[in-house]
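Coordinates as given in run.txt (compact mmCIF, C-alpha atoms):
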# COMPACT_ATOMS: atom_id res chain seq x y z
CA MET A 214 98.38 -8.72 -19.34
CA ASN A 215 99.75 -5.21 -18.77
CA ALA A 216 98.44 -3.60 -15.60
CA HIS A 217 99.51 -0.15 -16.88
CA TRP A 218 97.80 -0.39 -20.26
CA PRO A 219 95.63 1.03 -21.74
CA VAL A 220 96.16 4.49 -20.30
CA GLU A 221 95.46 8.08 -21.34
CA LEU A 222 97.65 11.01 -20.25
CA VAL A 223 96.75 14.70 -20.51
CA GLU A 224 98.65 17.92 -19.84
CA GLY A 225 96.86 21.07 -20.96
CA GLU A 226 96.06 20.80 -24.67
CA VAL A 227 98.42 17.86 -25.22
CA GLY A 228 97.27 14.27 -24.81
CA LEU A 229 98.52 10.72 -25.20
CA ARG A 230 96.11 7.85 -25.84
CA PRO A 231 96.33 4.33 -27.29
CA ILE A 232 96.44 4.05 -31.06
CA ARG A 233 93.34 2.51 -32.67
CA GLN A 234 92.21 1.28 -36.08
CA ARG A 235 89.93 4.27 -36.66
CA ASP A 236 92.98 6.58 -36.58
CA HIS A 237 93.88 5.36 -40.08
CA ALA A 238 92.44 8.28 -42.06
CA SER A 239 94.04 10.92 -39.82
CA TRP A 240 97.35 9.05 -39.74
CA ARG A 241 97.46 8.78 -43.54
CA GLU A 242 96.58 12.45 -44.09
CA ILE A 243 99.24 13.67 -41.66
CA ASN A 244 101.95 11.39 -43.09
CA GLN A 245 101.19 12.27 -46.71
CA ARG A 246 101.22 15.99 -45.96
CA ASN A 247 104.47 15.72 -43.99
CA ARG A 248 106.55 13.56 -46.36
CA ALA A 249 109.42 16.04 -46.69
CA TRP A 250 109.32 16.89 -42.95
CA LEU A 251 109.47 13.26 -41.76
CA ARG A 252 111.52 11.44 -44.41
CA PRO A 253 115.04 12.34 -43.16
CA TRP A 254 114.27 10.82 -39.75
CA GLU A 255 112.15 7.80 -40.67
CA ALA A 256 113.16 4.23 -40.03
CA THR A 257 113.56 2.30 -43.29
CA VAL A 258 113.92 -1.38 -44.16
CA PRO A 259 117.52 -2.36 -44.99
CA PRO A 260 118.21 -4.36 -48.16
CA ALA A 261 117.54 -8.07 -47.80
CA PRO A 262 120.53 -10.46 -47.87
CA PRO A 263 121.19 -12.19 -51.19
CA GLY A 264 118.60 -14.86 -51.89
CA HIS A 265 116.02 -13.37 -49.53
CA HIS A 266 112.84 -11.49 -50.42
CA GLN A 267 112.74 -7.81 -49.47
CA PRO A 268 110.27 -7.45 -46.57
CA ARG A 269 107.51 -4.88 -46.84
CA ARG A 270 106.30 -2.57 -44.16
CA PRO A 271 103.00 -3.70 -42.65
CA THR A 272 99.75 -1.97 -43.44
CA PHE A 273 98.26 0.37 -40.87
CA ARG A 274 95.78 -2.31 -39.76
CA GLN A 275 98.51 -4.92 -39.38
CA ASN A 276 100.72 -2.50 -37.49
CA VAL A 277 98.00 -1.50 -35.03
CA ARG A 278 97.23 -5.16 -34.31
CA HIS A 279 100.92 -5.78 -33.62
CA LEU A 280 101.27 -2.69 -31.42
CA ARG A 281 98.20 -3.58 -29.39
CA ALA A 282 99.40 -7.16 -28.86
CA GLU A 283 102.81 -5.92 -27.72
CA ALA A 284 101.18 -3.40 -25.40
CA HIS A 285 98.97 -5.98 -23.72
CA ALA A 286 102.03 -8.22 -23.31
CA GLY A 287 103.76 -5.38 -21.43
CA ARG A 288 106.54 -4.85 -23.95
CA MET A 289 105.38 -1.55 -25.44
CA MET A 290 103.13 1.50 -24.96
CA PRO A 291 102.01 2.80 -28.40
CA PHE A 292 100.43 6.24 -28.06
CA VAL A 293 98.80 8.68 -30.43
CA VAL A 294 99.80 12.28 -29.67
CA THR A 295 96.85 14.68 -29.65
CA TYR A 296 96.73 18.47 -29.60
CA GLN A 297 93.47 20.28 -28.92
CA GLY A 298 91.71 16.94 -29.27
CA ARG A 299 93.03 15.88 -32.68
CA MET A 300 95.75 13.47 -33.70
CA VAL A 301 99.08 15.15 -34.52
CA GLY A 302 101.59 12.31 -34.24
CA GLN A 303 102.72 9.21 -32.42
CA LEU A 304 104.90 8.42 -29.42
CA THR A 305 105.94 4.87 -28.58
CA VAL A 306 107.63 3.50 -25.50
CA ALA A 307 109.21 0.29 -26.77
CA GLY A 308 111.68 -2.38 -25.74
CA ILE A 309 110.31 -2.48 -22.19
CA THR A 310 112.60 -4.79 -20.22
CA TRP A 311 112.37 -5.78 -16.57
CA GLY A 312 114.70 -7.81 -14.36
CA SER A 313 118.00 -6.14 -13.57
CA LEU A 314 117.57 -3.54 -16.35
CA CYS A 315 114.08 -2.01 -15.95
CA ALA A 316 114.44 0.14 -19.04
CA ALA A 317 112.80 1.19 -22.31
CA HIS A 318 113.32 3.57 -25.22
CA ILE A 319 111.12 6.34 -26.59
CA GLY A 320 110.47 7.25 -30.23
CA TYR A 321 108.09 9.76 -31.77
CA TRP A 322 107.04 11.82 -34.77
CA VAL A 323 104.82 14.90 -35.00
CA ASP A 324 102.92 16.98 -37.56
CA SER A 325 104.84 20.06 -38.78
CA ALA A 326 101.60 22.06 -38.45
CA VAL A 327 101.99 22.09 -34.64
CA ALA A 328 105.76 22.59 -34.51
CA GLY A 329 106.90 25.19 -32.00
CA ARG A 330 103.95 24.73 -29.64
CA GLY A 331 105.72 22.50 -27.14
CA VAL A 332 103.68 19.43 -28.10
CA ILE A 333 106.49 16.87 -28.18
CA PRO A 334 108.37 18.18 -25.12
CA THR A 335 105.12 18.00 -23.15
CA ALA A 336 104.36 14.51 -24.47
CA VAL A 337 107.85 13.24 -23.64
CA ALA A 338 107.64 14.76 -20.15
CA MET A 339 104.26 13.10 -19.57
CA VAL A 340 105.35 9.67 -20.72
CA THR A 341 108.63 9.91 -18.80
CA ASP A 342 106.74 10.58 -15.57
CA HIS A 343 104.32 7.76 -16.32
CA CYS A 344 107.19 5.33 -16.95
CA PHE A 345 109.07 6.29 -13.81
CA LEU A 346 106.38 7.17 -11.28
CA THR A 347 103.61 4.73 -12.28
CA VAL A 348 105.07 1.87 -14.30
CA GLY A 349 108.25 1.65 -12.24
CA LEU A 350 110.95 1.72 -14.91
CA HIS A 351 114.43 2.91 -13.94
CA ARG A 352 116.01 4.05 -17.23
CA LEU A 353 114.75 5.60 -20.46
CA GLU A 354 116.66 6.16 -23.69
CA ILE A 355 116.00 8.44 -26.66
CA CYS A 356 118.34 7.91 -29.64
CA ILE A 357 118.70 10.81 -32.06
CA ARG A 358 120.69 11.38 -35.24
CA PRO A 359 123.45 13.98 -34.66
CA GLU A 360 122.01 16.09 -37.51
CA ASN A 361 118.59 16.33 -35.85
CA GLY A 362 119.15 19.56 -33.94
CA PRO A 363 115.50 20.21 -33.04
CA SER A 364 115.06 16.79 -31.41
CA ARG A 365 118.32 17.14 -29.54
CA ARG A 366 117.21 20.50 -28.14
CA VAL A 367 113.87 18.98 -27.06
CA VAL A 368 115.43 16.29 -24.91
CA GLU A 369 118.19 18.56 -23.61
CA LYS A 370 115.60 21.11 -22.44
CA LEU A 371 113.82 18.32 -20.57
CA GLY A 372 117.00 17.22 -18.81
CA TYR A 373 117.93 14.06 -20.71
CA ARG A 374 121.72 13.76 -20.76
CA GLU A 375 123.92 12.87 -23.70
CA GLU A 376 125.56 9.52 -23.00
CA GLY A 377 127.44 8.62 -26.16
CA LEU A 378 127.39 7.72 -29.83
CA ARG A 379 126.07 4.50 -31.38
CA PRO A 380 127.70 4.27 -34.81
CA ARG A 381 125.47 3.07 -37.66
CA TYR A 382 122.80 2.24 -35.11
CA LEU A 383 119.54 2.31 -37.11
CA HIS A 384 118.53 2.15 -40.75
CA ILE A 385 117.07 5.62 -41.36
CA ASP A 386 116.19 7.30 -44.66
CA GLY A 387 117.84 4.55 -46.70
CA GLY A 388 121.10 4.02 -44.81
CA TRP A 389 122.66 2.99 -41.51
CA ARG A 390 122.89 6.15 -39.41
CA ASP A 391 124.81 7.14 -36.31
CA HIS A 392 122.70 8.06 -33.27
CA ILE A 393 123.43 9.93 -30.08
CA VAL A 394 122.01 8.27 -26.97
CA TYR A 395 120.20 10.48 -24.46
CA THR A 396 119.24 8.90 -21.15
CA LEU A 397 117.45 9.61 -17.91
CA ASN A 398 117.20 7.54 -14.73
CA SER A 399 114.31 7.68 -12.29
CA GLU A 400 116.47 8.99 -9.44
CA ASP A 401 117.46 11.96 -11.64
CA VAL A 402 113.90 13.29 -11.46
CA PRO A 403 112.31 11.99 -8.24
CA GLU A 404 109.40 14.45 -8.56
CA GLY A 405 109.05 13.91 -12.32
CA LEU A 406 109.69 16.12 -15.36
CA LEU A 407 106.31 17.83 -15.63
CA PRO A 408 106.64 20.21 -12.64
CA GLY A 409 109.81 21.74 -14.09
CA TRP A 410 108.40 21.80 -17.61
CA ARG A 411 105.27 23.59 -16.36
CA ALA A 412 107.41 26.19 -14.63
CA ARG A 413 109.47 26.81 -17.76
CA GLY A 414 106.27 26.99 -19.81
CA ALA A 415 104.88 29.68 -17.56
CA ALA A 416 108.06 31.64 -18.17
CA GLY A 417 107.82 31.18 -21.94
CA GLY A 418 109.88 28.01 -22.19
CA ALA A 419 107.05 25.96 -23.68
CA ALA A 420 107.43 27.88 -26.92
CA ALA A 421 110.20 25.39 -27.57
CA VAL A 422 111.17 23.73 -30.77
CA ASP A 423 109.26 20.64 -31.74
CA ALA A 424 111.05 17.96 -33.66
CA PRO A 425 109.82 15.90 -36.61
CA GLY A 426 110.90 12.59 -35.12
CA VAL A 427 113.66 10.53 -33.53
CA GLY A 428 115.36 7.35 -34.63
CA ASN A 429 113.70 4.80 -32.39
CA HIS A 430 110.30 5.27 -33.96
CA ALA A 431 110.46 2.31 -36.30
CA GLU A 432 107.46 0.87 -34.43
CA ASN A 433 105.40 3.83 -35.62
CA LYS A 434 105.90 3.47 -39.39
CA THR A 435 103.77 1.56 -41.87
CA ASP A 436 102.92 1.66 -45.54
CA ILE A 437 101.02 4.85 -46.33
CA ARG A 438 97.76 3.51 -47.72
Would it be possible to restate this file's structure as structure tokens?
Amino acid sequence: MNAHWPVELVEGEVGLRPIRQRDHASWREINQRNRAWLRPWEATVPPAPPGHHQPRRPTFRQNVRHLRAEAHAGRMMPFVVTYQGRMVGQLTVAGITWGSLCAAHIGYWVDSAVAGRGVIPTAVAMVTDHCFLTVGLHRLEICIRPENGPSRRVVEKLGYREEGLRPRYLHIDGGWRDHIVYTLNSEDVPEGLLPGWRARGAAGGAAAVDAPGVGNHAENKTDIR
């Protein structure tokens, strides 16, 4: 069992809550409407080796069952992103590892209709603080394609640092794509990210770019049905 799941996080008009089966209709509508916005950054299934059947993405129902099982096992935190009470995307903390590493990675996608309102920066700040200050992780990674300028600006504004390049790291939009690794350690932000983000928001900083998605959001994608 996962002592830190389920959990709901709220900061102003932005919220994070566990994904559920009844999100299917909203999820499908957002994804269908945002095909062009999301496609360049979406995880895809690489071609199967010779003699093997090509795997299919799971259905929404299958994916939610998998995400919930992983969450209760303590390996993942699959959130829906909400804005003004309605679903606008997903954010997943995945690959949670303990022992001498104590780390995880973050992936997300968001509806273009709320771009520019600081939704994803606020969501990333909230989940970062939860991971460090409540769950007790030490390191978080966000991996982003070099071409994804909006996502890079999001994490840079929050204080994540560029650590290096992972060549051909993930299968995105039909091919193996390079990703830049951004990282943050708990001792870098002993008081958390939200206090600084709130201060910048009060000064107009929250009118930041929002990004369509980042590479490590394969856990968020299913067949659109």
For A:Arg278: contacts at 12 Å, all atoms listed in the file, fewer than 4 positions along chain excluded, given as a list in words: Pro231, Ile232, Arg233, Gln234, Pro271, Thr272, Phe273, Arg274, Ala282, Glu283, Ala284, His285, Pro291 and Glu432 of chain A
Minimum-distance residue to A:Trp322, chosen among A:Asn276, A:Thr310, A:Ser399, A:Ser364 (using all atoms listed in the file): A:Ser364
Pick from A:Asn215, A:Gln267, A:Asn247, A:Gln275, whichever lies nearest to A:Val323 using only C-alpha atoms: A:Asn247
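Neighbourhood of point (118.4, -5.5, -40.0): residues with an atom at most 8 Å away, counting all atoms listed in the file, are A:Val258, A:Pro259, A:His384.
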Point-to-point distance from atom CA of A:Arg252 to atom CA of A:Ala336, Å rounded to tenths: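 Atom-to-atom, atom CA of A:Arg252 to atom CA of A:Ala336, that is 21.4 Å.
Distances from A:Asp386, A:Glu400, A:Glu369, A:Asp342 to A:Leu251 were compared using only C-alpha atoms, and the smallest one belongs to A:Asp386.
Counting from atom CA of A:Ile319, the distance to atom CA of A:Val337 is 8.2 Å.
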All residues 9 Å or closer to A:His392, only C-alpha atoms, same chain fewer than 3 positions away omitted, as a ChimeraX atom specification: /A:356-359,377-383,428
Resulting file, chosen residues, C-alpha atoms, as a tab-separated table (two decimals), in the coordinates of the input:
chain	number	residue	atom	x	y	z
A	356	CYS	CA	118.34	7.91	-29.64
A	357	ILE	CA	118.70	10.81	-32.06
A	358	ARG	CA	120.69	11.38	-35.24
A	359	PRO	CA	123.45	13.98	-34.66
A	377	GLY	CA	127.44	8.62	-26.16
A	378	LEU	CA	127.39	7.72	-29.83
A	379	ARG	CA	126.07	4.50	-31.38
A	380	PRO	CA	127.70	4.27	-34.81
A	381	ARG	CA	125.47	3.07	-37.66
A	382	TYR	CA	122.80	2.24	-35.11
A	383	LEU	CA	119.54	2.31	-37.11
A	428	GLY	CA	115.36	7.35	-34.63
Interatomic distance (Å, one decimal) between atom CA of A:Gln303 and atom CA of A:Leu229: 8.5 Å
Minimum-distance residue to A:Pro425, chosen among A:Arg365, A:Arg230, A:His318, A:Arg281 (using only C-alpha atoms):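 Smallest distance to A:Pro425 is found for A:Arg365.
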All residues 8 Å or closer to A:Leu407, all atoms listed in the file, same chain fewer than 5 positions away omitted, as a ChimeraX atom specification: /A:335,338-339,342
Quick one: axis-aligned box around all listed atoms of stretch 360-379 of chain A, 3 Å on every side, centre and edge lengths in Å to one decimal, written as JSON.
{"center_x": 120.6, "center_y": 12.8, "center_z": -28.2, "size_x": 19.6, "size_y": 22.6, "size_z": 24.7}
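Taking all atoms listed in the file into account, the residues near (101.9, 23.3, -28.8), no farther than 8 Å, are Glu226, Val227, Tyr296, Val327, Ala328, Gly329, Arg330, Gly331, Val332, Ile333, Ala419 and Ala420 of chain A.
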Spatial neighbours of A:Leu304, 6 Å, only C-alpha atoms, chain gap at least 2 places, as a ChimeraX atom specification: /A:292,320-321
Option closest in space to A:Glu404, from A:Arg390, A:His279, A:Arg269, A:His343 [counting all atoms listed in the file]: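 Checking each of A:Arg390, A:His279, A:Arg269, A:His343 against A:Glu404, counting all atoms listed in the file, the winner is A:His343.
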10 Å contact set for A:Pro260, all atoms listed in the file, chain neighbours under 5 positions out, as a list in words: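 Listing them by chain and then by number gives His265, His266, Gln267, Pro268, His384, Gly387 and Gly388 of chain A.
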Pick from A:Met289, A:Pro334, A:Trp254, A:Glu221 nearest to A:Val367, counting all atoms listed in the file: A:Pro334
